[in-house]
>>> print(open('protein.cif').read())   # mmCIF, C-alpha atoms and all ligand atoms
data_start
loop_
_atom_site.group_PDB
_atom_site.id
_atom_site.type_symbol
_atom_site.label_atom_id
_atom_site.label_comp_id
_atom_site.auth_asym_id
_atom_site.auth_seq_id
_atom_site.Cartn_x
_atom_site.Cartn_y
_atom_site.Cartn_z
ATOM 1 C CA MET A 1 -9.132 -12.269 15.690
ATOM 2 C CA GLN A 2 -5.609 -13.409 16.432
ATOM 3 C CA LEU A 3 -3.878 -11.247 13.896
ATOM 4 C CA SER A 4 -3.641 -7.562 14.542
ATOM 5 C CA LEU A 5 -2.084 -4.338 13.455
ATOM 6 C CA SER A 6 -1.810 -2.767 16.861
ATOM 7 C CA PRO A 7 -1.461 -0.630 18.892
ATOM 8 C CA THR A 8 -3.347 2.199 17.253
ATOM 9 C CA ALA A 9 -1.126 4.876 18.708
ATOM 10 C CA THR A 10 1.672 3.930 16.355
ATOM 11 C CA LEU A 11 -0.623 4.077 13.374
ATOM 12 C CA THR A 12 -0.853 7.791 13.909
ATOM 13 C CA SER A 13 2.595 8.628 15.254
ATOM 14 C CA PRO A 14 4.795 11.066 13.285
ATOM 15 C CA PRO A 15 7.336 9.694 10.804
ATOM 16 C CA SER A 16 10.221 10.699 13.013
ATOM 17 C CA ALA A 17 9.157 8.232 15.709
ATOM 18 C CA PRO A 18 11.805 5.524 16.213
ATOM 19 C CA GLN A 19 10.641 2.566 14.198
ATOM 20 C CA GLN A 20 12.219 -0.184 16.251
ATOM 21 C CA THR A 21 10.273 0.664 19.351
ATOM 22 C CA ALA A 22 7.143 2.241 17.937
ATOM 23 C CA VAL A 23 5.950 -0.029 15.161
ATOM 24 C CA PRO A 24 3.067 -2.319 15.995
ATOM 25 C CA THR A 25 3.377 -6.067 15.985
ATOM 26 C CA ILE A 26 1.747 -8.811 13.996
ATOM 27 C CA ALA A 27 0.847 -11.674 16.277
ATOM 28 C CA PRO A 28 1.510 -15.155 14.885
ATOM 29 C CA LEU A 29 -1.302 -17.316 13.604
ATOM 30 C CA ASP A 30 -1.618 -20.770 15.133
ATOM 31 C CA ARG A 31 -3.824 -22.083 12.325
ATOM 32 C CA PRO A 32 -3.805 -22.017 8.524
ATOM 33 C CA LEU A 33 -4.876 -18.742 7.027
ATOM 34 C CA ASP A 34 -8.503 -18.625 5.946
ATOM 35 C CA LEU A 35 -8.647 -15.553 3.727
ATOM 36 C CA ASP A 36 -12.431 -15.611 3.395
ATOM 37 C CA ARG A 37 -12.940 -15.718 7.125
ATOM 38 C CA GLU A 38 -10.213 -13.185 7.889
ATOM 39 C CA ALA A 39 -11.471 -10.762 5.252
ATOM 40 C CA ALA A 40 -14.991 -10.983 6.601
ATOM 41 C CA ALA A 41 -13.939 -10.429 10.217
ATOM 42 C CA PRO A 42 -14.887 -7.077 11.754
ATOM 43 C CA PRO A 43 -12.138 -4.458 12.164
ATOM 44 C CA PRO A 44 -10.518 -4.095 15.567
ATOM 45 C CA ASN A 45 -11.836 -1.348 17.772
ATOM 46 C CA LEU A 46 -9.259 1.297 16.957
ATOM 47 C CA ALA A 47 -8.933 4.364 19.132
ATOM 48 C CA GLU A 48 -9.899 7.693 17.601
ATOM 49 C CA PRO A 49 -6.874 8.975 15.628
ATOM 50 C CA SER A 50 -5.551 12.471 16.168
ATOM 51 C CA HIS A 51 -6.428 13.424 12.582
ATOM 52 C CA PRO A 52 -9.124 11.607 10.626
ATOM 53 C CA SER A 53 -7.525 12.031 7.184
ATOM 54 C CA MET A 54 -4.746 9.738 6.024
ATOM 55 C CA VAL A 55 -4.464 11.373 2.583
ATOM 56 C CA GLN A 56 -5.530 14.856 1.532
ATOM 57 C CA LEU A 57 -4.940 16.356 -1.895
ATOM 58 C CA GLN A 58 -5.965 19.948 -2.476
ATOM 59 C CA GLY A 59 -5.918 21.529 -5.911
ATOM 60 C CA VAL A 60 -3.215 19.163 -7.114
ATOM 61 C CA THR A 61 -1.910 19.615 -10.637
ATOM 62 C CA LYS A 62 1.008 17.697 -12.068
ATOM 63 C CA VAL A 63 2.756 18.571 -15.297
ATOM 64 C CA TYR A 64 5.935 16.600 -16.021
ATOM 65 C CA ALA A 65 9.158 18.383 -16.996
ATOM 66 C CA ASN A 66 8.600 17.496 -20.664
ATOM 67 C CA GLY A 67 5.248 19.277 -20.589
ATOM 68 C CA SER A 68 3.039 16.169 -20.265
ATOM 69 C CA PRO A 69 -0.018 16.955 -18.138
ATOM 70 C CA ALA A 70 -0.878 14.148 -15.696
ATOM 71 C CA LEU A 71 -3.221 15.575 -13.028
ATOM 72 C CA ALA A 72 -5.449 18.637 -13.091
ATOM 73 C CA GLY A 73 -6.963 20.253 -10.002
ATOM 74 C CA VAL A 74 -7.353 17.027 -8.019
ATOM 75 C CA ASN A 75 -9.023 17.157 -4.603
ATOM 76 C CA LEU A 76 -9.210 13.983 -2.553
ATOM 77 C CA ASP A 77 -9.699 13.139 1.104
ATOM 78 C CA VAL A 78 -9.091 9.572 2.251
ATOM 79 C CA LYS A 79 -9.888 8.903 5.902
ATOM 80 C CA ARG A 80 -7.888 6.593 8.113
ATOM 81 C CA GLY A 81 -9.067 3.030 7.710
ATOM 82 C CA ASP A 82 -10.661 3.673 4.308
ATOM 83 C CA PHE A 83 -10.301 1.379 1.301
ATOM 84 C CA LEU A 84 -10.342 3.268 -1.997
ATOM 85 C CA PHE A 85 -10.130 2.164 -5.603
ATOM 86 C CA ILE A 86 -8.709 4.563 -8.194
ATOM 87 C CA THR A 87 -9.770 3.600 -11.693
ATOM 88 C CA GLY A 88 -9.342 5.151 -15.116
ATOM 89 C CA PRO A 89 -7.879 4.334 -18.509
ATOM 90 C CA SER A 90 -4.167 4.058 -19.193
ATOM 91 C CA GLY A 91 -2.541 7.486 -19.118
ATOM 92 C CA SER A 92 -5.260 9.050 -16.962
ATOM 93 C CA GLY A 93 -2.873 9.787 -14.071
ATOM 94 C CA LYS A 94 -3.353 6.865 -11.646
ATOM 95 C CA SER A 95 0.335 6.053 -11.161
ATOM 96 C CA THR A 96 1.209 9.728 -10.959
ATOM 97 C CA LEU A 97 -1.286 10.197 -8.138
ATOM 98 C CA LEU A 98 0.269 7.319 -6.172
ATOM 99 C CA LYS A 99 3.780 8.622 -6.888
ATOM 100 C CA LEU A 100 2.803 11.941 -5.341
ATOM 101 C CA LEU A 101 1.580 10.063 -2.270
ATOM 102 C CA TYR A 102 4.882 8.262 -1.704
ATOM 103 C CA GLY A 103 6.999 11.215 -2.698
ATOM 104 C CA ALA A 104 8.483 9.832 -5.936
ATOM 105 C CA GLU A 105 7.075 12.873 -7.765
ATOM 106 C CA ARG A 106 6.104 16.330 -6.591
ATOM 107 C CA ALA A 107 2.982 18.254 -7.439
ATOM 108 C CA SER A 108 3.369 21.224 -9.770
ATOM 109 C CA GLN A 109 0.604 22.961 -7.836
ATOM 110 C CA GLY A 110 -1.443 22.192 -4.741
ATOM 111 C CA SER A 111 -0.700 20.268 -1.569
ATOM 112 C CA VAL A 112 -0.337 16.546 -0.854
ATOM 113 C CA MET A 113 -0.765 15.636 2.797
ATOM 114 C CA VAL A 114 -0.048 12.077 3.890
ATOM 115 C CA ASP A 115 -0.501 11.012 7.500
ATOM 116 C CA ASN A 116 -0.661 14.650 8.529
ATOM 117 C CA CYS A 117 2.570 15.502 6.747
ATOM 118 C CA ASP A 118 3.121 17.676 3.658
ATOM 119 C CA ILE A 119 5.044 15.035 1.723
ATOM 120 C CA GLY A 120 5.837 17.407 -1.124
ATOM 121 C CA GLN A 121 8.003 19.417 1.292
ATOM 122 C CA LEU A 122 10.026 16.459 2.598
ATOM 123 C CA ARG A 123 13.554 15.727 1.407
ATOM 124 C CA GLY A 124 16.335 13.283 2.259
ATOM 125 C CA ASP A 125 16.081 11.438 5.567
ATOM 126 C CA ARG A 126 12.712 12.911 6.471
ATOM 127 C CA LEU A 127 11.250 11.638 3.207
ATOM 128 C CA SER A 128 12.862 8.218 3.772
ATOM 129 C CA LEU A 129 11.372 8.017 7.257
ATOM 130 C CA MET A 130 7.967 8.995 5.922
ATOM 131 C CA ARG A 131 8.183 6.307 3.228
ATOM 132 C CA ARG A 132 8.687 3.669 5.901
ATOM 133 C CA ARG A 133 5.133 4.387 6.917
ATOM 134 C CA ILE A 134 3.850 3.566 3.439
ATOM 135 C CA GLY A 135 3.697 0.043 2.027
ATOM 136 C CA ILE A 136 3.921 0.058 -1.765
ATOM 137 C CA VAL A 137 2.915 -2.773 -4.086
ATOM 138 C CA PHE A 138 3.658 -2.668 -7.806
ATOM 139 C CA GLN A 139 2.206 -4.529 -10.756
ATOM 140 C CA ASP A 140 5.564 -6.164 -11.553
ATOM 141 C CA TYR A 141 6.358 -7.280 -7.956
ATOM 142 C CA LYS A 142 9.943 -5.894 -7.991
ATOM 143 C CA LEU A 143 11.382 -8.819 -6.006
ATOM 144 C CA ILE A 144 15.155 -9.302 -5.879
ATOM 145 C CA PRO A 145 15.771 -12.374 -8.093
ATOM 146 C CA ARG A 146 18.757 -13.927 -6.273
ATOM 147 C CA ARG A 147 17.246 -13.621 -2.820
ATOM 148 C CA THR A 148 14.787 -16.001 -1.199
ATOM 149 C CA ILE A 149 11.275 -14.857 -0.370
ATOM 150 C CA SER A 150 12.280 -14.583 3.306
ATOM 151 C CA GLU A 151 15.257 -12.446 2.410
ATOM 152 C CA ASN A 152 13.198 -10.249 0.087
ATOM 153 C CA VAL A 153 10.774 -9.539 2.906
ATOM 154 C CA ALA A 154 13.383 -9.276 5.673
ATOM 155 C CA PHE A 155 15.441 -6.877 3.573
ATOM 156 C CA VAL A 156 12.981 -4.061 4.375
ATOM 157 C CA LEU A 157 13.600 -4.539 8.090
ATOM 158 C CA TRP A 158 17.361 -4.923 7.745
ATOM 159 C CA ALA A 159 17.442 -1.656 5.819
ATOM 160 C CA GLN A 160 15.596 0.005 8.698
ATOM 161 C CA GLY A 161 18.069 -1.327 11.258
ATOM 162 C CA PHE A 162 15.796 -3.815 12.992
ATOM 163 C CA ALA A 163 17.539 -6.303 15.289
ATOM 164 C CA ARG A 164 17.877 -9.866 13.983
ATOM 165 C CA LYS A 165 15.458 -11.168 16.627
ATOM 166 C CA GLU A 166 12.793 -8.639 15.688
ATOM 167 C CA VAL A 167 13.223 -9.477 11.983
ATOM 168 C CA GLN A 168 12.632 -13.145 12.781
ATOM 169 C CA ARG A 169 9.683 -12.322 15.004
ATOM 170 C CA ARG A 170 7.952 -10.462 12.167
ATOM 171 C CA LEU A 171 8.891 -12.650 9.235
ATOM 172 C CA THR A 172 6.875 -15.807 9.849
ATOM 173 C CA PRO A 173 3.555 -14.162 10.747
ATOM 174 C CA THR A 174 3.880 -11.800 7.792
ATOM 175 C CA LEU A 175 4.426 -14.688 5.386
ATOM 176 C CA LYS A 176 1.452 -16.430 6.978
ATOM 177 C CA ILE A 177 -0.790 -13.442 6.326
ATOM 178 C CA VAL A 178 -0.143 -13.827 2.605
ATOM 179 C CA GLY A 179 -0.182 -17.638 2.762
ATOM 180 C CA LEU A 180 3.477 -18.105 1.808
ATOM 181 C CA GLN A 181 5.069 -19.574 4.917
ATOM 182 C CA HIS A 182 5.811 -22.783 2.994
ATOM 183 C CA LYS A 183 7.653 -20.815 0.257
ATOM 184 C CA ALA A 184 9.947 -18.861 2.564
ATOM 185 C CA ASP A 185 13.128 -20.446 1.208
ATOM 186 C CA CYS A 186 12.150 -20.360 -2.479
ATOM 187 C CA PHE A 187 13.512 -17.879 -4.971
ATOM 188 C CA PRO A 188 11.090 -15.586 -6.805
ATOM 189 C CA GLU A 189 11.415 -17.503 -10.087
ATOM 190 C CA GLN A 190 10.181 -20.627 -8.300
ATOM 191 C CA LEU A 191 6.879 -18.930 -7.469
ATOM 192 C CA SER A 192 3.797 -18.352 -9.610
ATOM 193 C CA GLY A 193 2.817 -14.796 -10.509
ATOM 194 C CA GLY A 194 0.150 -14.747 -7.819
ATOM 195 C CA GLU A 195 2.618 -16.000 -5.218
ATOM 196 C CA GLN A 196 5.206 -13.420 -6.274
ATOM 197 C CA GLN A 197 2.637 -10.687 -5.863
ATOM 198 C CA ARG A 198 1.716 -12.015 -2.424
ATOM 199 C CA ALA A 199 5.438 -11.993 -1.548
ATOM 200 C CA SER A 200 5.642 -8.373 -2.624
ATOM 201 C CA ILE A 201 2.643 -7.610 -0.400
ATOM 202 C CA ALA A 202 4.448 -9.312 2.502
ATOM 203 C CA ARG A 203 7.433 -7.067 1.829
ATOM 204 C CA ALA A 204 5.167 -4.004 1.779
ATOM 205 C CA ILE A 205 3.485 -4.811 5.099
ATOM 206 C CA VAL A 206 6.286 -6.355 7.176
ATOM 207 C CA SER A 207 6.998 -3.027 8.864
ATOM 208 C CA THR A 208 3.229 -2.620 9.497
ATOM 209 C CA PRO A 209 2.731 0.671 7.669
ATOM 210 C CA PRO A 210 -0.587 2.434 8.318
ATOM 211 C CA LEU A 211 -0.946 3.258 4.600
ATOM 212 C CA ILE A 212 -0.773 0.730 1.759
ATOM 213 C CA LEU A 213 -0.600 1.893 -1.863
ATOM 214 C CA ALA A 214 -0.965 -0.643 -4.668
ATOM 215 C CA ASP A 215 -0.422 0.348 -8.299
ATOM 216 C CA GLU A 216 -2.271 -2.095 -10.582
ATOM 217 C CA PRO A 217 -1.405 -4.981 -8.220
ATOM 218 C CA THR A 218 -3.526 -7.470 -10.163
ATOM 219 C CA GLY A 219 -2.521 -6.318 -13.641
ATOM 220 C CA ASN A 220 -0.452 -9.450 -14.334
ATOM 221 C CA LEU A 221 -2.706 -11.950 -12.565
ATOM 222 C CA ASP A 222 -5.562 -14.229 -13.606
ATOM 223 C CA ALA A 223 -9.000 -13.744 -12.052
ATOM 224 C CA ASP A 224 -8.509 -16.198 -9.158
ATOM 225 C CA ASN A 225 -5.143 -14.818 -8.118
ATOM 226 C CA ALA A 226 -6.412 -11.253 -8.501
ATOM 227 C CA LEU A 227 -9.246 -12.009 -6.108
ATOM 228 C CA GLN A 228 -6.895 -13.647 -3.628
ATOM 229 C CA VAL A 229 -4.672 -10.567 -3.668
ATOM 230 C CA MET A 230 -7.679 -8.307 -3.148
ATOM 231 C CA LYS A 231 -8.781 -10.411 -0.192
ATOM 232 C CA ILE A 232 -5.396 -9.853 1.420
ATOM 233 C CA PHE A 233 -5.784 -6.098 0.972
ATOM 234 C CA GLN A 234 -9.271 -6.306 2.450
ATOM 235 C CA LYS A 235 -7.933 -8.212 5.405
ATOM 236 C CA LEU A 236 -5.198 -5.631 6.006
ATOM 237 C CA ASN A 237 -7.848 -2.937 5.763
ATOM 238 C CA ALA A 238 -9.962 -4.812 8.324
ATOM 239 C CA PHE A 239 -6.937 -4.722 10.646
ATOM 240 C CA GLY A 240 -6.895 -0.927 10.398
ATOM 241 C CA ALA A 241 -4.615 -0.073 7.456
ATOM 242 C CA THR A 242 -5.726 2.539 4.939
ATOM 243 C CA VAL A 243 -5.575 0.953 1.477
ATOM 244 C CA ILE A 244 -5.532 2.692 -1.919
ATOM 245 C CA VAL A 245 -5.522 0.501 -5.022
ATOM 246 C CA THR A 246 -5.326 1.618 -8.638
ATOM 247 C CA THR A 247 -6.852 -0.755 -11.157
ATOM 248 C CA HIS A 248 -8.585 -0.864 -14.493
ATOM 249 C CA ASP A 249 -10.123 -4.255 -13.670
ATOM 250 C CA GLU A 250 -13.806 -3.341 -13.566
ATOM 251 C CA ARG A 251 -14.837 -6.851 -12.599
ATOM 252 C CA LEU A 252 -12.709 -6.676 -9.458
ATOM 253 C CA VAL A 253 -14.051 -3.253 -8.579
ATOM 254 C CA ARG A 254 -17.599 -4.609 -8.958
ATOM 255 C CA ILE A 255 -16.950 -7.643 -6.753
ATOM 256 C CA CYS A 256 -15.227 -5.650 -3.990
ATOM 257 C CA ASN A 257 -17.704 -3.183 -2.628
ATOM 258 C CA HIS A 258 -15.422 -0.235 -1.813
ATOM 259 C CA PRO A 259 -15.582 3.438 -2.768
ATOM 260 C CA VAL A 260 -14.246 4.238 -6.238
ATOM 261 C CA VAL A 261 -12.819 7.414 -7.730
ATOM 262 C CA GLN A 262 -12.197 7.660 -11.435
ATOM 263 C CA LEU A 263 -9.470 9.580 -13.223
ATOM 264 C CA SER A 264 -10.092 10.854 -16.693
ATOM 265 C CA LYS A 265 -7.368 12.908 -18.386
ATOM 266 C CA GLY A 266 -6.022 13.884 -14.977
ATOM 267 C CA LYS A 267 -9.364 14.958 -13.548
ATOM 268 C CA LEU A 268 -10.837 13.057 -10.623
ATOM 269 C CA HIS A 269 -14.462 12.331 -9.828
ATOM 270 C CA TRP A 270 -16.321 9.941 -7.575
ATOM 271 C CA ALA A 271 -17.691 6.873 -9.334
ATOM 272 C CA ARG A 272 -18.981 5.103 -6.195
ATOM 273 C CA GLN A 273 -19.066 6.480 -2.673
HETATM 274 P P1 LIG B 301 -1.796 5.837 -15.615
HETATM 275 O O1 LIG B 301 -1.131 5.322 -14.393
HETATM 276 O O2 LIG B 301 -3.251 6.128 -15.429
HETATM 277 O O3 LIG B 301 -1.549 4.979 -16.806
HETATM 278 P P2 LIG B 301 0.267 7.873 -15.554
HETATM 279 O O4 LIG B 301 0.158 8.554 -14.265
HETATM 280 O O5 LIG B 301 1.333 6.850 -15.736
HETATM 281 O O6 LIG B 301 -1.157 7.271 -15.972
HETATM 282 O O7 LIG B 301 0.475 8.955 -16.708
HETATM 283 C C1 LIG B 301 -0.319 10.136 -16.817
HETATM 284 C C2 LIG B 301 0.276 11.011 -17.898
HETATM 285 O O8 LIG B 301 1.546 11.455 -17.474
HETATM 286 C C3 LIG B 301 0.484 10.292 -19.232
HETATM 287 O O9 LIG B 301 0.221 11.202 -20.269
HETATM 288 C C4 LIG B 301 1.932 9.914 -19.203
HETATM 289 O O10 LIG B 301 2.472 9.849 -20.487
HETATM 290 C C5 LIG B 301 2.541 11.064 -18.420
HETATM 291 N N1 LIG B 301 3.738 10.663 -17.686
HETATM 292 C C6 LIG B 301 3.796 9.720 -16.720
HETATM 293 N N2 LIG B 301 5.042 9.623 -16.231
HETATM 294 C C7 LIG B 301 5.787 10.530 -16.882
HETATM 295 C C8 LIG B 301 7.159 10.918 -16.839
HETATM 296 N N3 LIG B 301 8.024 10.362 -15.985
HETATM 297 N N4 LIG B 301 7.568 11.890 -17.674
HETATM 298 C C9 LIG B 301 6.724 12.487 -18.513
HETATM 299 N N5 LIG B 301 5.416 12.176 -18.626
HETATM 300 C C10 LIG B 301 4.940 11.195 -17.830
#
>>> encode(input="protein.cif", output="structure tokens")
Amino acid sequence: MQLSLSPTATLTSPPSAPQQTAVPTIAPLDRPLDLDREAAAPPPNLAEPSHPSMVQLQGVTKVYANGSPALAGVNLDVKRGDFLFITGPSGSGKSTLLKLLYGAERASQGSVMVDNCDIGQLRGDRLSLMRRRIGIVFQDYKLIPRRTISENVAFVLWAQGFARKEVQRRLTPTLKIVGLQHKADCFPEQLSGGEQQRASIARAIVSTPPLILADEPTGNLDADNALQVMKIFQKLNAFGATVIVTTHDERLVRICNHPVVQLSKGKLHWARQ
């Protein structure tokens, strides 16, 4: 496999590690991307991480300030390199669970550990540094309209202070992973919905985060584009990233044979292990 998220050591390094020197590289592809083949390829032989859990929730309850209950006594352990679906009807707490994982909300009770770090206790710069280690994909893409696809993706690296050369070195292979190298200079409105979502995935992974969170990433896509997006997540997972995807698309969950947890009124149970 010519494309890799390596070295492993940086997948497990603490959030305070300097990003410019520590983040792994994505080697360029010298052939067109074949998603089927890449997704089916075996994962690289990653060294044993210092801690096997990427995400650990213990007794997590979330009640919003207005009194709305969102999560109730949730326990969850996601190992490094796992791929997990979170399903459940609208309002069952899926987005809230992801927000706790990237520190946009805090638990009312219980602990939320991400990459060995109690994210609920982080503030300011430490939280920002931790978030750099999490790639987030949203249903509505959240691309900057007046910026090209290249700029949208590069923006993440500029914001983290990467040197111009390093930004260039990462940009092309990242766009190739999502099959958008030929759209680099287009603006978001010139792309289809599926392409925009793939651009947002490129933005999420350009700094090679070890954890990828996707909140209903296929919610606005037709079946073909949804499958293509899932294949990209599977490929990233095969390269060693831990991937957590919320969805209510049961067809997709059936096709992709990964473990599934289900939320129902804020309570979590395993639907497929
Ligand atoms: P899902 O992603 O499964 O649709 P959410 O996590 O968005 O569910 O919502 C779970 C519950 O929390 C719902 O009852 C919702 O109304 C409530 N909720 C979500 N966000 C907020 C918020 N910012 N303020 C108050 N209540 C919220």
>>> residues_around(input="protein.cif", residues="Ser264 (chain A)", least_positions_apart="5", cutoff="8 Å", atoms="all atoms listed in the file", output="VMD selection string")
chain A and resid 88 to 89 92 to 93
>>> axis_aligned_box(input="protein.cif", around="ligand LIG 301 (chain B)", padding_each_side="5 Å", output="lines of an AutoDock Vina configuration file")
center_x = 2.4
center_y = 8.7
center_z = -17.4
size_x = 21.3
size_y = 17.5
size_z = 16.2
>>> residues_near_ligand(input="protein.cif", ligand="ligand LIG 301 (chain B)", cutoff="10 Å", atoms="all atoms listed in the file", output="MDAnalysis selection string")
chainID A and resid 62:71 86:100 105 215:216 246:248 262:266
>>> resolve_selection(input="protein.cif", expression="the PyMOL selection byres (((chain A and resi 81) around 10) and not hetatm)", output="PyMOL selection string")
chain A and resi 43+46+52-54+78-80+82-84+210-211+236-243
>>> resolve_selection(input="protein.cif", expression="the PyMOL selection byres (((chain A and resi 175-187) around 6) and not hetatm)", output="ChimeraX atom specification")
/A:148-150,172-174,188-190,198
>>> write_last_selection(input="protein.cif", atoms="C-alpha atoms", output="mmCIF file, in the coordinates of the input")
data_model
loop_
_atom_site.group_PDB
_atom_site.id
_atom_site.type_symbol
_atom_site.label_atom_id
_atom_site.label_comp_id
_atom_site.auth_asym_id
_atom_site.auth_seq_id
_atom_site.Cartn_x
_atom_site.Cartn_y
_atom_site.Cartn_z
ATOM 1 C CA THR A 148 14.787 -16.001 -1.199
ATOM 2 C CA ILE A 149 11.275 -14.857 -0.370
ATOM 3 C CA SER A 150 12.280 -14.583 3.306
ATOM 4 C CA THR A 172 6.875 -15.807 9.849
ATOM 5 C CA PRO A 173 3.555 -14.162 10.747
ATOM 6 C CA THR A 174 3.880 -11.800 7.792
ATOM 7 C CA PRO A 188 11.090 -15.586 -6.805
ATOM 8 C CA GLU A 189 11.415 -17.503 -10.087
ATOM 9 C CA GLN A 190 10.181 -20.627 -8.300
ATOM 10 C CA ARG A 198 1.716 -12.015 -2.424
#
>>> resolve_selection(input="protein.cif", expression="the PyMOL selection byres (((chain A and resi 229-233) around 10) and not hetatm)", output="PyMOL selection string")
chain A and resi 35-40+83+177-179+194-195+197-198+201-202+212-214+217-218+221+223-228+234-239+241-245+252-253+255-256
>>> closest_residue(input="protein.cif", among="A:Gln56, A:Thr208, A:Asn116, A:Gln273", to="Gly135 (chain A)", atoms="all atoms listed in the file")
A:Thr208
>>> closest_residue(input="protein.cif", among="A:Gly219, A:Gly193, A:Leu127, A:Arg170", to="Gln139 (chain A)", atoms="all atoms listed in the file")
A:Gly219
>>> decode(input="protein.cif", residues="region 198-218 of chain A", atoms="N, CA and C atoms", output="CSV table (one decimal), in the first residue's frame")
chain,number,residue,atom,x,y,z
A,198,ARG,N,-16.7,15.0,0.2
A,198,ARG,CA,-15.4,14.5,0.1
A,198,ARG,C,-14.3,15.6,0.4
A,199,ALA,N,-14.6,16.8,0.0
A,199,ALA,CA,-13.7,17.9,0.3
A,199,ALA,C,-13.7,18.2,1.8
A,200,SER,N,-14.8,18.0,2.4
A,200,SER,CA,-14.8,18.3,3.9
A,200,SER,C,-14.1,17.1,4.6
A,201,ILE,N,-14.1,15.9,4.0
A,201,ILE,CA,-13.3,14.8,4.6
A,201,ILE,C,-11.8,15.1,4.4
A,202,ALA,N,-11.5,15.7,3.3
A,202,ALA,CA,-10.1,16.0,3.0
A,202,ALA,C,-9.6,17.0,4.1
A,203,ARG,N,-10.5,18.0,4.3
A,203,ARG,CA,-10.1,19.0,5.4
A,203,ARG,C,-10.0,18.4,6.7
A,204,ALA,N,-10.8,17.4,7.0
A,204,ALA,CA,-10.8,16.7,8.4
A,204,ALA,C,-9.5,15.9,8.5
A,205,ILE,N,-9.0,15.4,7.4
A,205,ILE,CA,-7.9,14.4,7.6
A,205,ILE,C,-6.5,15.0,7.2
A,206,VAL,N,-6.5,16.2,6.7
A,206,VAL,CA,-5.2,16.7,6.2
A,206,VAL,C,-4.1,16.8,7.3
A,207,SER,N,-4.5,17.0,8.5
A,207,SER,CA,-3.5,17.0,9.6
A,207,SER,C,-3.3,15.6,10.2
A,208,THR,N,-3.8,14.6,9.5
A,208,THR,CA,-3.7,13.2,9.9
A,208,THR,C,-4.1,12.9,11.3
A,209,PRO,N,-5.3,13.3,11.7
A,209,PRO,CA,-5.7,13.0,13.1
A,209,PRO,C,-5.9,11.5,13.3
A,210,PRO,N,-5.6,11.0,14.5
A,210,PRO,CA,-5.8,9.6,14.8
A,210,PRO,C,-7.3,9.2,15.0
A,211,LEU,N,-8.1,10.2,15.2
A,211,LEU,CA,-9.6,10.0,15.5
A,211,LEU,C,-10.4,10.8,14.5
A,212,ILE,N,-11.3,10.1,13.8
A,212,ILE,CA,-12.2,10.8,12.9
A,212,ILE,C,-13.6,10.7,13.4
A,213,LEU,N,-14.3,11.8,13.6
A,213,LEU,CA,-15.7,11.8,14.0
A,213,LEU,C,-16.6,12.3,12.8
A,214,ALA,N,-17.6,11.6,12.5
A,214,ALA,CA,-18.5,12.1,11.4
A,214,ALA,C,-19.9,12.0,11.8
A,215,ASP,N,-20.6,13.2,11.8
A,215,ASP,CA,-21.9,13.4,12.3
A,215,ASP,C,-22.9,13.4,11.1
A,216,GLU,N,-23.6,12.3,10.9
A,216,GLU,CA,-24.5,12.1,9.7
A,216,GLU,C,-23.8,12.5,8.4
A,217,PRO,N,-22.6,12.0,8.1
A,217,PRO,CA,-21.9,12.5,6.9
A,217,PRO,C,-22.6,12.2,5.6
A,218,THR,N,-23.5,11.3,5.6
A,218,THR,CA,-24.2,10.9,4.3
A,218,THR,C,-25.6,11.4,4.3
